[in-house]
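Shown here: query-v8.cif, mmCIF, C-alpha atoms.
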```cif
data_run
loop_
_atom_site.group_PDB
_atom_site.id
_atom_site.type_symbol
_atom_site.label_atom_id
_atom_site.label_comp_id
_atom_site.auth_asym_id
_atom_site.auth_seq_id
_atom_site.Cartn_x
_atom_site.Cartn_y
_atom_site.Cartn_z
ATOM 1 C CA MET F 1 17.963 5.301 9.147
ATOM 2 C CA SER F 2 16.077 3.816 12.085
ATOM 3 C CA ALA F 3 16.916 0.432 13.526
ATOM 4 C CA LEU F 4 14.493 -2.451 13.217
ATOM 5 C CA PRO F 5 13.069 -3.838 16.474
ATOM 6 C CA THR F 6 14.631 -7.189 17.329
ATOM 7 C CA GLN F 7 11.250 -8.762 18.098
ATOM 8 C CA GLU F 8 9.889 -7.744 14.715
ATOM 9 C CA LEU F 9 12.824 -9.395 12.980
ATOM 10 C CA THR F 10 12.346 -12.508 15.104
ATOM 11 C CA ASN F 11 8.705 -12.677 14.084
ATOM 12 C CA LEU F 12 9.672 -12.350 10.440
ATOM 13 C CA GLU F 13 12.172 -15.182 10.822
ATOM 14 C CA LYS F 14 9.353 -17.340 12.158
ATOM 15 C CA ARG F 15 7.162 -16.469 9.188
ATOM 16 C CA ILE F 16 9.810 -17.347 6.626
ATOM 17 C CA GLY F 17 11.070 -20.351 8.584
ATOM 18 C CA HIS F 18 14.714 -19.346 8.871
ATOM 19 C CA VAL F 19 16.691 -17.945 11.817
ATOM 20 C CA PHE F 20 19.672 -15.920 10.648
ATOM 21 C CA ALA F 21 23.118 -16.656 12.004
ATOM 22 C CA ASP F 22 23.986 -13.141 10.846
ATOM 23 C CA PRO F 23 20.998 -10.862 11.653
ATOM 24 C CA PHE F 24 22.614 -7.997 9.737
ATOM 25 C CA MET F 25 21.999 -9.976 6.553
ATOM 26 C CA LEU F 26 18.236 -9.782 7.075
ATOM 27 C CA LYS F 27 18.415 -6.095 8.017
ATOM 28 C CA ARG F 28 20.250 -5.374 4.774
ATOM 29 C CA ALA F 29 17.597 -7.279 2.805
ATOM 30 C CA LEU F 30 14.994 -4.939 4.327
ATOM 31 C CA THR F 31 16.829 -1.681 3.586
ATOM 32 C CA HIS F 32 15.731 0.382 0.585
ATOM 33 C CA VAL F 33 18.268 2.569 -1.196
ATOM 34 C CA SER F 34 16.349 5.692 -0.137
ATOM 35 C CA ALA F 35 17.273 4.912 3.486
ATOM 36 C CA VAL F 36 21.002 5.485 3.013
ATOM 37 C CA LYS F 37 22.622 8.893 2.857
ATOM 38 C CA THR F 38 25.490 8.408 0.399
ATOM 39 C CA ASN F 39 26.210 6.393 -2.729
ATOM 40 C CA ALA F 40 29.008 4.660 -0.863
ATOM 41 C CA MET F 41 26.377 3.134 1.407
ATOM 42 C CA ARG F 42 24.298 1.653 -1.437
ATOM 43 C CA THR F 43 25.941 -1.732 -0.868
ATOM 44 C CA GLU F 44 24.262 -1.746 2.548
ATOM 45 C CA THR F 45 20.839 -1.886 0.882
ATOM 46 C CA TYR F 46 18.966 -4.826 -0.601
ATOM 47 C CA GLN F 47 20.076 -4.204 -4.196
ATOM 48 C CA ARG F 48 22.979 -6.675 -4.318
ATOM 49 C CA LEU F 49 21.009 -9.277 -2.372
ATOM 50 C CA GLU F 50 18.083 -8.886 -4.778
ATOM 51 C CA PHE F 51 20.444 -9.511 -7.713
ATOM 52 C CA LEU F 52 21.640 -12.740 -6.098
ATOM 53 C CA GLY F 53 18.217 -13.835 -4.864
ATOM 54 C CA ASP F 54 16.711 -13.479 -8.315
ATOM 55 C CA ARG F 55 19.188 -16.043 -9.698
ATOM 56 C CA VAL F 56 18.852 -18.370 -6.707
ATOM 57 C CA LEU F 57 15.061 -18.308 -6.961
ATOM 58 C CA GLY F 58 15.166 -19.084 -10.680
ATOM 59 C CA LEU F 59 17.466 -22.063 -10.186
ATOM 60 C CA ILE F 60 15.415 -23.507 -7.318
ATOM 61 C CA ILE F 61 12.107 -23.108 -9.148
ATOM 62 C CA ALA F 62 13.591 -24.633 -12.298
ATOM 63 C CA GLU F 63 14.736 -27.675 -10.324
ATOM 64 C CA MET F 64 11.347 -27.985 -8.607
ATOM 65 C CA LEU F 65 9.561 -27.917 -11.953
ATOM 66 C CA PHE F 66 11.977 -30.368 -13.535
ATOM 67 C CA VAL F 67 11.385 -32.897 -10.753
ATOM 68 C CA THR F 68 7.644 -32.328 -10.312
ATOM 69 C CA PHE F 69 6.660 -32.444 -13.986
ATOM 70 C CA PRO F 70 8.841 -35.205 -15.533
ATOM 71 C CA LYS F 71 6.741 -35.381 -18.708
ATOM 72 C CA ALA F 72 6.493 -31.652 -19.342
ATOM 73 C CA GLU F 73 8.277 -30.292 -22.403
ATOM 74 C CA GLU F 74 10.682 -27.371 -22.254
ATOM 75 C CA GLY F 75 8.037 -24.911 -23.425
ATOM 76 C CA GLU F 76 5.653 -25.761 -20.610
ATOM 77 C CA LEU F 77 8.441 -25.677 -18.033
ATOM 78 C CA SER F 78 9.498 -22.251 -19.279
ATOM 79 C CA ARG F 79 5.955 -20.897 -19.026
ATOM 80 C CA ARG F 80 5.553 -22.261 -15.524
ATOM 81 C CA LEU F 81 8.913 -20.816 -14.497
ATOM 82 C CA ALA F 82 8.048 -17.387 -15.872
ATOM 83 C CA ASP F 83 4.781 -17.349 -13.929
ATOM 84 C CA LEU F 84 6.390 -18.396 -10.650
ATOM 85 C CA VAL F 85 9.281 -15.919 -10.708
ATOM 86 C CA ARG F 86 7.383 -12.957 -12.131
ATOM 87 C CA ARG F 87 7.323 -9.711 -10.164
ATOM 88 C CA GLU F 88 3.696 -10.065 -9.098
ATOM 89 C CA THR F 89 4.258 -13.538 -7.659
ATOM 90 C CA CYS F 90 7.285 -12.412 -5.652
ATOM 91 C CA ALA F 91 5.306 -9.438 -4.349
ATOM 92 C CA GLU F 92 2.504 -11.780 -3.247
ATOM 93 C CA VAL F 93 5.009 -13.868 -1.306
ATOM 94 C CA ALA F 94 6.452 -10.752 0.319
ATOM 95 C CA GLN F 95 2.945 -9.726 1.360
ATOM 96 C CA GLU F 96 2.381 -13.148 2.890
ATOM 97 C CA TRP F 97 5.603 -12.703 4.846
ATOM 98 C CA ASP F 98 4.289 -9.244 5.860
ATOM 99 C CA VAL F 99 7.588 -7.538 5.123
ATOM 100 C CA GLY F 100 6.112 -4.177 4.093
ATOM 101 C CA PRO F 101 6.023 -2.607 7.559
ATOM 102 C CA LEU F 102 9.616 -3.727 8.212
ATOM 103 C CA VAL F 103 11.283 -2.178 5.168
ATOM 104 C CA ARG F 104 13.493 0.796 5.983
ATOM 105 C CA PHE F 105 12.863 3.764 3.701
ATOM 106 C CA GLY F 106 13.940 7.341 3.448
ATOM 107 C CA ALA F 107 11.253 9.870 4.352
ATOM 108 C CA GLY F 108 10.265 10.570 0.739
ATOM 109 C CA GLU F 109 9.806 6.959 -0.311
ATOM 110 C CA SER F 110 7.991 6.158 2.903
ATOM 111 C CA LEU F 111 5.476 8.949 2.293
ATOM 112 C CA ALA F 112 5.078 7.741 -1.288
ATOM 113 C CA GLY F 113 3.844 4.382 -0.016
ATOM 114 C CA GLY F 114 6.944 2.372 -0.873
ATOM 115 C CA SER F 115 5.952 -0.462 1.447
ATOM 116 C CA LYS F 116 2.996 -1.264 -0.807
ATOM 117 C CA LYS F 117 4.673 -0.972 -4.216
ATOM 118 C CA ILE F 118 4.758 -4.257 -6.120
ATOM 119 C CA THR F 119 8.232 -3.599 -7.532
ATOM 120 C CA ILE F 120 9.747 -2.953 -4.109
ATOM 121 C CA LEU F 121 7.972 -5.896 -2.470
ATOM 122 C CA ALA F 122 9.192 -8.200 -5.240
ATOM 123 C CA ASP F 123 12.762 -6.943 -4.805
ATOM 124 C CA ILE F 124 12.584 -7.450 -1.040
ATOM 125 C CA CYS F 125 11.330 -10.994 -1.522
ATOM 126 C CA GLU F 126 14.284 -11.843 -3.758
ATOM 127 C CA ALA F 127 16.686 -10.046 -1.416
ATOM 128 C CA ILE F 128 15.529 -12.192 1.492
ATOM 129 C CA ILE F 129 16.105 -15.319 -0.592
ATOM 130 C CA GLY F 130 19.585 -14.059 -1.415
ATOM 131 C CA ALA F 131 20.213 -13.297 2.254
ATOM 132 C CA VAL F 132 19.168 -16.804 3.323
ATOM 133 C CA PHE F 133 21.433 -18.268 0.648
ATOM 134 C CA LEU F 134 24.438 -16.320 1.938
ATOM 135 C CA ASP F 135 23.562 -16.970 5.568
ATOM 136 C CA ALA F 136 23.042 -20.737 5.402
ATOM 137 C CA GLY F 137 23.596 -22.016 1.865
ATOM 138 C CA PHE F 138 21.603 -23.411 -1.022
ATOM 139 C CA GLU F 139 19.572 -25.992 0.917
ATOM 140 C CA ALA F 140 18.301 -23.352 3.340
ATOM 141 C CA ALA F 141 17.266 -21.109 0.453
ATOM 142 C CA LYS F 142 15.658 -24.092 -1.252
ATOM 143 C CA GLY F 143 13.632 -24.855 1.863
ATOM 144 C CA LEU F 144 12.421 -21.266 2.021
ATOM 145 C CA VAL F 145 11.352 -21.274 -1.621
ATOM 146 C CA LYS F 146 9.632 -24.644 -1.334
ATOM 147 C CA ARG F 147 7.591 -23.490 1.638
ATOM 148 C CA SER F 148 6.315 -20.420 -0.175
ATOM 149 C CA TRP F 149 6.130 -21.625 -3.774
ATOM 150 C CA SER F 150 5.091 -25.299 -3.731
ATOM 151 C CA ASP F 151 1.357 -24.621 -3.576
ATOM 152 C CA ARG F 152 1.690 -21.956 -6.261
ATOM 153 C CA MET F 153 3.540 -24.407 -8.481
ATOM 154 C CA MET F 154 0.742 -26.961 -8.252
ATOM 155 C CA ALA F 155 -2.100 -24.471 -8.696
ATOM 156 C CA PRO F 156 -1.131 -21.509 -10.908
ATOM 157 C CA LYS F 157 -3.314 -18.438 -10.369
ATOM 158 C CA ARG F 158 -2.755 -17.146 -13.883
ATOM 159 C CA PRO F 159 -3.042 -18.752 -17.323
ATOM 160 C CA LEU F 160 0.317 -20.221 -18.319
ATOM 161 C CA ARG F 161 -0.275 -19.350 -21.954
ATOM 162 C CA ASP F 162 -2.256 -16.745 -23.795
ATOM 163 C CA ALA F 163 -5.680 -18.027 -24.801
ATOM 164 C CA LYS F 164 -5.013 -18.171 -28.563
ATOM 165 C CA THR F 165 -1.855 -20.233 -28.089
ATOM 166 C CA ALA F 166 -3.591 -22.557 -25.642
ATOM 167 C CA LEU F 167 -6.523 -23.089 -28.014
ATOM 168 C CA GLN F 168 -4.236 -23.753 -30.959
ATOM 169 C CA GLU F 169 -2.288 -26.358 -28.959
ATOM 170 C CA TRP F 170 -5.554 -27.928 -27.811
ATOM 171 C CA ALA F 171 -6.802 -28.192 -31.396
ATOM 172 C CA GLN F 172 -3.512 -29.572 -32.717
ATOM 173 C CA ALA F 173 -3.431 -32.215 -29.979
ATOM 174 C CA ARG F 174 -6.750 -33.475 -31.344
ATOM 175 C CA GLY F 175 -5.702 -33.454 -34.971
ATOM 176 C CA LEU F 176 -7.854 -30.435 -35.810
ATOM 177 C CA ALA F 177 -6.990 -27.583 -38.119
ATOM 178 C CA ALA F 178 -5.759 -24.384 -36.520
ATOM 179 C CA PRO F 179 -8.560 -22.130 -35.185
ATOM 180 C CA GLN F 180 -9.592 -19.311 -37.500
ATOM 181 C CA TYR F 181 -10.634 -15.842 -36.338
ATOM 182 C CA LEU F 182 -13.225 -13.812 -38.230
ATOM 183 C CA GLU F 183 -14.147 -10.214 -37.522
ATOM 184 C CA SER F 184 -17.945 -10.292 -37.565
ATOM 185 C CA GLY F 185 -18.765 -6.823 -36.349
ATOM 186 C CA ARG F 186 -17.564 -3.417 -35.291
ATOM 187 C CA SER F 187 -19.429 -0.760 -33.347
ATOM 188 C CA GLY F 188 -18.865 2.391 -31.349
ATOM 189 C CA PRO F 189 -17.206 5.683 -32.300
ATOM 190 C CA ALA F 190 -14.020 5.809 -34.358
ATOM 191 C CA HIS F 191 -11.919 6.814 -31.341
ATOM 192 C CA ALA F 192 -13.253 3.926 -29.228
ATOM 193 C CA PRO F 193 -14.369 1.052 -31.458
ATOM 194 C CA LEU F 194 -15.675 -2.270 -30.162
ATOM 195 C CA PHE F 195 -14.699 -5.285 -32.249
ATOM 196 C CA THR F 196 -16.604 -8.563 -32.425
ATOM 197 C CA VAL F 197 -14.586 -11.613 -33.453
ATOM 198 C CA GLU F 198 -15.688 -15.222 -33.964
ATOM 199 C CA VAL F 199 -13.384 -18.167 -33.484
ATOM 200 C CA LEU F 200 -13.956 -21.148 -35.753
ATOM 201 C CA VAL F 201 -12.779 -24.654 -34.871
ATOM 202 C CA PRO F 202 -13.727 -27.558 -37.183
ATOM 203 C CA GLY F 203 -16.479 -29.699 -35.674
ATOM 204 C CA PHE F 204 -17.557 -27.077 -33.139
ATOM 205 C CA LEU F 205 -20.012 -24.241 -33.198
ATOM 206 C CA PRO F 206 -18.346 -20.833 -33.450
ATOM 207 C CA ILE F 207 -18.281 -18.482 -30.516
ATOM 208 C CA ALA F 208 -17.948 -14.703 -30.607
ATOM 209 C CA ALA F 209 -16.475 -12.223 -28.156
ATOM 210 C CA GLU F 210 -15.925 -8.473 -28.051
ATOM 211 C CA GLY F 211 -12.933 -6.326 -27.298
ATOM 212 C CA ALA F 212 -11.516 -2.827 -27.643
ATOM 213 C CA THR F 213 -9.042 -4.176 -30.222
ATOM 214 C CA LYS F 214 -9.151 -7.123 -32.599
ATOM 215 C CA ARG F 215 -6.394 -8.812 -30.628
ATOM 216 C CA ILE F 216 -8.324 -8.517 -27.357
ATOM 217 C CA ALA F 217 -11.479 -9.790 -29.034
ATOM 218 C CA GLU F 218 -9.582 -12.766 -30.493
ATOM 219 C CA GLN F 219 -8.088 -13.627 -27.108
ATOM 220 C CA SER F 220 -11.501 -13.309 -25.469
ATOM 221 C CA ALA F 221 -13.115 -15.521 -28.104
ATOM 222 C CA ALA F 222 -10.435 -18.196 -27.620
ATOM 223 C CA GLN F 223 -10.894 -17.977 -23.850
ATOM 224 C CA ALA F 224 -14.670 -18.246 -24.161
ATOM 225 C CA PHE F 225 -14.385 -21.260 -26.481
ATOM 226 C CA MET F 226 -12.179 -23.151 -24.029
ATOM 227 C CA GLN F 227 -14.493 -22.283 -21.145
ATOM 228 C CA ARG F 228 -17.508 -23.550 -23.071
ATOM 229 C CA GLU F 229 -15.792 -26.810 -23.982
ATOM 230 C CA GLY F 230 -14.607 -27.386 -20.417
ATOM 231 C CA VAL F 231 -10.916 -27.035 -21.257
ATOM 232 C CA ILE F 232 -10.460 -24.371 -18.569
ATOM 233 C CA GLU F 233 -12.478 -23.014 -15.673
ATOM 234 C CA PRO F 234 -14.454 -19.833 -16.298
ATOM 235 C CA LEU F 235 -12.760 -16.569 -15.314
ATOM 236 C CA ARG F 236 -15.205 -13.856 -14.324
ATOM 237 C CA GLY F 237 -15.241 -10.686 -16.351
ATOM 238 C CA LEU F 238 -12.644 -11.836 -18.870
ATOM 239 C CA SER F 239 -14.775 -11.758 -21.977
ATOM 240 C CA ARG F 240 -18.150 -10.885 -23.374
ATOM 241 C CA ALA F 241 -19.027 -13.909 -25.445
ATOM 242 C CA ARG F 242 -22.022 -14.996 -27.471
ATOM 243 C CA HIS F 243 -22.571 -18.623 -28.342
ATOM 244 C CA GLU F 244 -25.155 -21.341 -28.651
ATOM 245 C CA GLY F 245 -24.992 -25.007 -27.867
ATOM 246 C CA LYS F 246 -21.763 -26.895 -27.777
ATOM 247 C CA LYS F 247 -20.470 -29.236 -30.420
ATOM 248 C CA SER F 248 -21.953 -29.114 -33.901
ATOM 249 C CA GLU F 249 -23.503 -32.191 -35.413
#
```

Would it be possible to restate this file's structure as structure tokens?
Amino acid sequence: MSALPTQELTNLEKRIGHVFADPFMLKRALTHVSAVKTNAMRTETYQRLEFLGDRVLGLIIAEMLFVTFPKAEEGELSRRLADLVRRETCAEVAQEWDVGPLVRFGAGESLAGGSKKITILADICEAIIGAVFLDAGFEAAKGLVKRSWSDRMMAPKRPLRDAKTALQEWAQARGLAAPQYLESGRSGPAHAPLFTVEVLVPGFLPIAAEGATKRIAEQSAAQAFMQREGVIEPLRGLSRARHEGKKSE
């Protein structure tokens, strides 16, 4: 298990905005289980720190959401929380910190491209949060999370709800009946059918979309409807929709 260059660790500390009082804590957060030789040494890897960091991250994000969105209901807060602590988000943060080249792996995992695996990057991200928490306390960990998550909190990259749920809530908020979905066509071979589904909302022209399953077609139709009505911004390549006009007379 090779040692990490001191300068590289110093540069990482600058990127995350925290200088460790105990540098070994950061080294442990960057050590994959494949890098140790015996089971007795597993506690010297990031696994325990990842366990702690996961809980610390969840608490900090929950508090940030609670304060930032005082009028949001529990359901919305939960959806926002799930998006911000999901594996892909943590991996994105780890990539921004450029931790991949610094993770210590065994030869096999290194050759398998472990430094680019989303699961490992997400674990490392949480381990670093856990390490900062142990090194300097809750406020230090909170500062780290705020620096890397605040912009994400204000501008989610992914839909917070599935399209059908979002459309139903949109309709209900306007006193409209729940959207109805009608299968209007099916094509393609039996082993690979293509479904066409229309979504019907009272007072609006229907809009149709296609998908490999009825569920996908329904989601795509709901997405296309909300894009057409200006409820959400268009997402390229999400659906194949057919529609005319806008609101019915």

Exercise. Pick out the closest residue to Ser150 in chain F from this set: F:Ala166, F:Leu65, F:Ala208, F:Ile128. Count all atoms listed in the file.
Key: F:Leu65

Self-check item: Residue among F:Leu26, F:Val199, F:Leu102, F:Ala72 lying closest to Lys116 in chain F, counting only C-alpha atoms
Solution: F:Leu102

Practice problem: Within 12 Å of Lys142 in chain F, counting only C-alpha atoms, which residues show up once you throw out same-chain ones fewer than 3 positions away? Write them as a ChimeraX atom specification, please. | Solution: /F:16-18,53,56-64,129-130,132-133,136-139,145-150

Practice problem: Work out how far apart CA of Glu183 in chain F and CA of Thr196 in chain F are and give it in Å to one decimal. | Solution: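 Rounded to one decimal, the two atoms are 5.9 Å apart.
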
Quiz prompt | Distance in Å - CA of Gly113 in chain F versus CA of Thr43 in chain F | solution = 22.9 Å

Quiz item: Could you state the separation of CA of Gly175 in chain F and CA of Val197 in chain F in Å, given to one decimal place?
Solution: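 Spanning CA of Gly175 in chain F to CA of Val197 in chain F is a straight-line distance of 23.6 Å.
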
Practice problem: For Thr213 in chain F, work out the shell of residues within 12 Å, counting only C-alpha atoms and skipping chain neighbours fewer than 6 positions away, then give it as a PyMOL selection string. | Solution: chain F and resi 183+185-188+190-197+219-220

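Residue nearest Thr89 in chain F, chosen from F:Ala177, F:Leu121, F:Ala221, F:Ala127 and counting all atoms listed in the file: F:Leu121.
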
Exercise. Would you please work out which residue, of F:Leu81, F:Met226, F:Leu30, F:Leu182, is nearest to Glu210 in chain F when using all atoms listed in the file?
Key: F:Leu182

Kindly provide, as lines of an AutoDock Vina configuration file, the centre and edge lengths (Å, one decimal) of an axis-aligned box around all atoms of range 190-200 of chain F given in the file, with 6 Å on each side.
```
center_x = -14.3
center_y = -7.2
center_z = -32.5
size_x = 16.7
size_y = 40.0
size_z = 18.5
```

Select range 13-42 of chain F in the preceding structure and write N, CA and C atoms to a file as a JSON list (two decimals), in the first residue's frame.
```json
[["chain", "number", "residue", "atom", "x", "y", "z"],
["F", 13, "GLU", "N", -6.70, 19.25, 0.31],
["F", 13, "GLU", "CA", -7.21, 20.05, 1.42],
["F", 13, "GLU", "C", -7.63, 21.44, 0.95],
["F", 14, "LYS", "N", -6.87, 22.00, 0.04],
["F", 14, "LYS", "CA", -7.22, 23.31, -0.51],
["F", 14, "LYS", "C", -8.52, 23.23, -1.30],
["F", 15, "ARG", "N", -8.69, 22.15, -2.03],
["F", 15, "ARG", "CA", -9.89, 22.01, -2.86],
["F", 15, "ARG", "C", -11.14, 21.84, -2.01],
["F", 16, "ILE", "N", -11.03, 21.11, -0.91],
["F", 16, "ILE", "CA", -12.20, 20.90, -0.07],
["F", 16, "ILE", "C", -12.35, 21.99, 0.98],
["F", 17, "GLY", "N", -11.31, 22.79, 1.18],
["F", 17, "GLY", "CA", -11.41, 23.90, 2.12],
["F", 17, "GLY", "C", -11.24, 23.52, 3.57],
["F", 18, "HIS", "N", -10.49, 22.46, 3.83],
["F", 18, "HIS", "CA", -10.25, 22.04, 5.22],
["F", 18, "HIS", "C", -8.85, 21.46, 5.35],
["F", 19, "VAL", "N", -8.09, 21.97, 6.31],
["F", 19, "VAL", "CA", -6.75, 21.44, 6.61],
["F", 19, "VAL", "C", -6.87, 20.54, 7.83],
["F", 20, "PHE", "N", -6.45, 19.30, 7.68],
["F", 20, "PHE", "CA", -6.62, 18.31, 8.74],
["F", 20, "PHE", "C", -5.59, 18.48, 9.85],
["F", 21, "ALA", "N", -6.09, 18.48, 11.08],
["F", 21, "ALA", "CA", -5.19, 18.45, 12.23],
["F", 21, "ALA", "C", -4.53, 17.08, 12.32],
["F", 22, "ASP", "N", -5.28, 16.06, 11.89],
["F", 22, "ASP", "CA", -4.77, 14.69, 11.87],
["F", 22, "ASP", "C", -4.75, 14.20, 10.42],
["F", 23, "PRO", "N", -3.63, 14.36, 9.70],
["F", 23, "PRO", "CA", -3.56, 13.98, 8.29],
["F", 23, "PRO", "C", -3.90, 12.51, 8.03],
["F", 24, "PHE", "N", -3.67, 11.65, 9.02],
["F", 24, "PHE", "CA", -3.97, 10.24, 8.85],
["F", 24, "PHE", "C", -5.47, 10.02, 8.60],
["F", 25, "MET", "N", -6.29, 10.93, 9.13],
["F", 25, "MET", "CA", -7.73, 10.81, 8.93],
["F", 25, "MET", "C", -8.08, 10.92, 7.45],
["F", 26, "LEU", "N", -7.44, 11.86, 6.76],
["F", 26, "LEU", "CA", -7.70, 12.01, 5.32],
["F", 26, "LEU", "C", -7.14, 10.82, 4.55],
["F", 27, "LYS", "N", -5.97, 10.34, 4.93],
["F", 27, "LYS", "CA", -5.38, 9.18, 4.25],
["F", 27, "LYS", "C", -6.29, 7.96, 4.38],
["F", 28, "ARG", "N", -6.89, 7.79, 5.55],
["F", 28, "ARG", "CA", -7.81, 6.67, 5.74],
["F", 28, "ARG", "C", -9.04, 6.82, 4.85],
["F", 29, "ALA", "N", -9.53, 8.05, 4.71],
["F", 29, "ALA", "CA", -10.71, 8.30, 3.88],
["F", 29, "ALA", "C", -10.43, 8.01, 2.41],
["F", 30, "LEU", "N", -9.16, 7.95, 2.03],
["F", 30, "LEU", "CA", -8.77, 7.72, 0.64],
["F", 30, "LEU", "C", -8.26, 6.30, 0.41],
["F", 31, "THR", "N", -8.45, 5.42, 1.37],
["F", 31, "THR", "CA", -7.93, 4.05, 1.28],
["F", 31, "THR", "C", -9.05, 3.05, 1.05],
["F", 32, "HIS", "N", -9.03, 2.40, -0.10],
["F", 32, "HIS", "CA", -10.02, 1.38, -0.45],
["F", 32, "HIS", "C", -9.67, 0.06, 0.23],
["F", 33, "VAL", "N", -10.67, -0.75, 0.49],
["F", 33, "VAL", "CA", -10.44, -2.00, 1.20],
["F", 33, "VAL", "C", -9.49, -2.93, 0.45],
["F", 34, "SER", "N", -9.43, -2.80, -0.87],
["F", 34, "SER", "CA", -8.53, -3.66, -1.65],
["F", 34, "SER", "C", -7.06, -3.34, -1.39],
["F", 35, "ALA", "N", -6.80, -2.20, -0.75],
["F", 35, "ALA", "CA", -5.41, -1.78, -0.52],
["F", 35, "ALA", "C", -4.80, -2.39, 0.74],
["F", 36, "VAL", "N", -5.63, -3.02, 1.57],
["F", 36, "VAL", "CA", -5.10, -3.61, 2.80],
["F", 36, "VAL", "C", -4.95, -5.12, 2.63],
["F", 37, "LYS", "N", -4.05, -5.70, 3.39],
["F", 37, "LYS", "CA", -3.70, -7.10, 3.18],
["F", 37, "LYS", "C", -4.49, -8.08, 4.02],
["F", 38, "THR", "N", -5.02, -7.65, 5.16],
["F", 38, "THR", "CA", -5.73, -8.57, 6.04],
["F", 38, "THR", "C", -7.06, -7.96, 6.48],
["F", 39, "ASN", "N", -7.96, -8.82, 6.91],
["F", 39, "ASN", "CA", -9.26, -8.35, 7.40],
["F", 39, "ASN", "C", -9.10, -7.48, 8.64],
["F", 40, "ALA", "N", -8.08, -7.74, 9.41],
["F", 40, "ALA", "CA", -7.85, -6.95, 10.62],
["F", 40, "ALA", "C", -7.53, -5.49, 10.29],
["F", 41, "MET", "N", -7.10, -5.26, 9.05],
["F", 41, "MET", "CA", -6.73, -3.90, 8.65],
["F", 41, "MET", "C", -7.89, -3.15, 7.98],
["F", 42, "ARG", "N", -9.06, -3.79, 7.88],
["F", 42, "ARG", "CA", -10.19, -3.16, 7.19],
["F", 42, "ARG", "C", -10.61, -1.86, 7.86]]
```
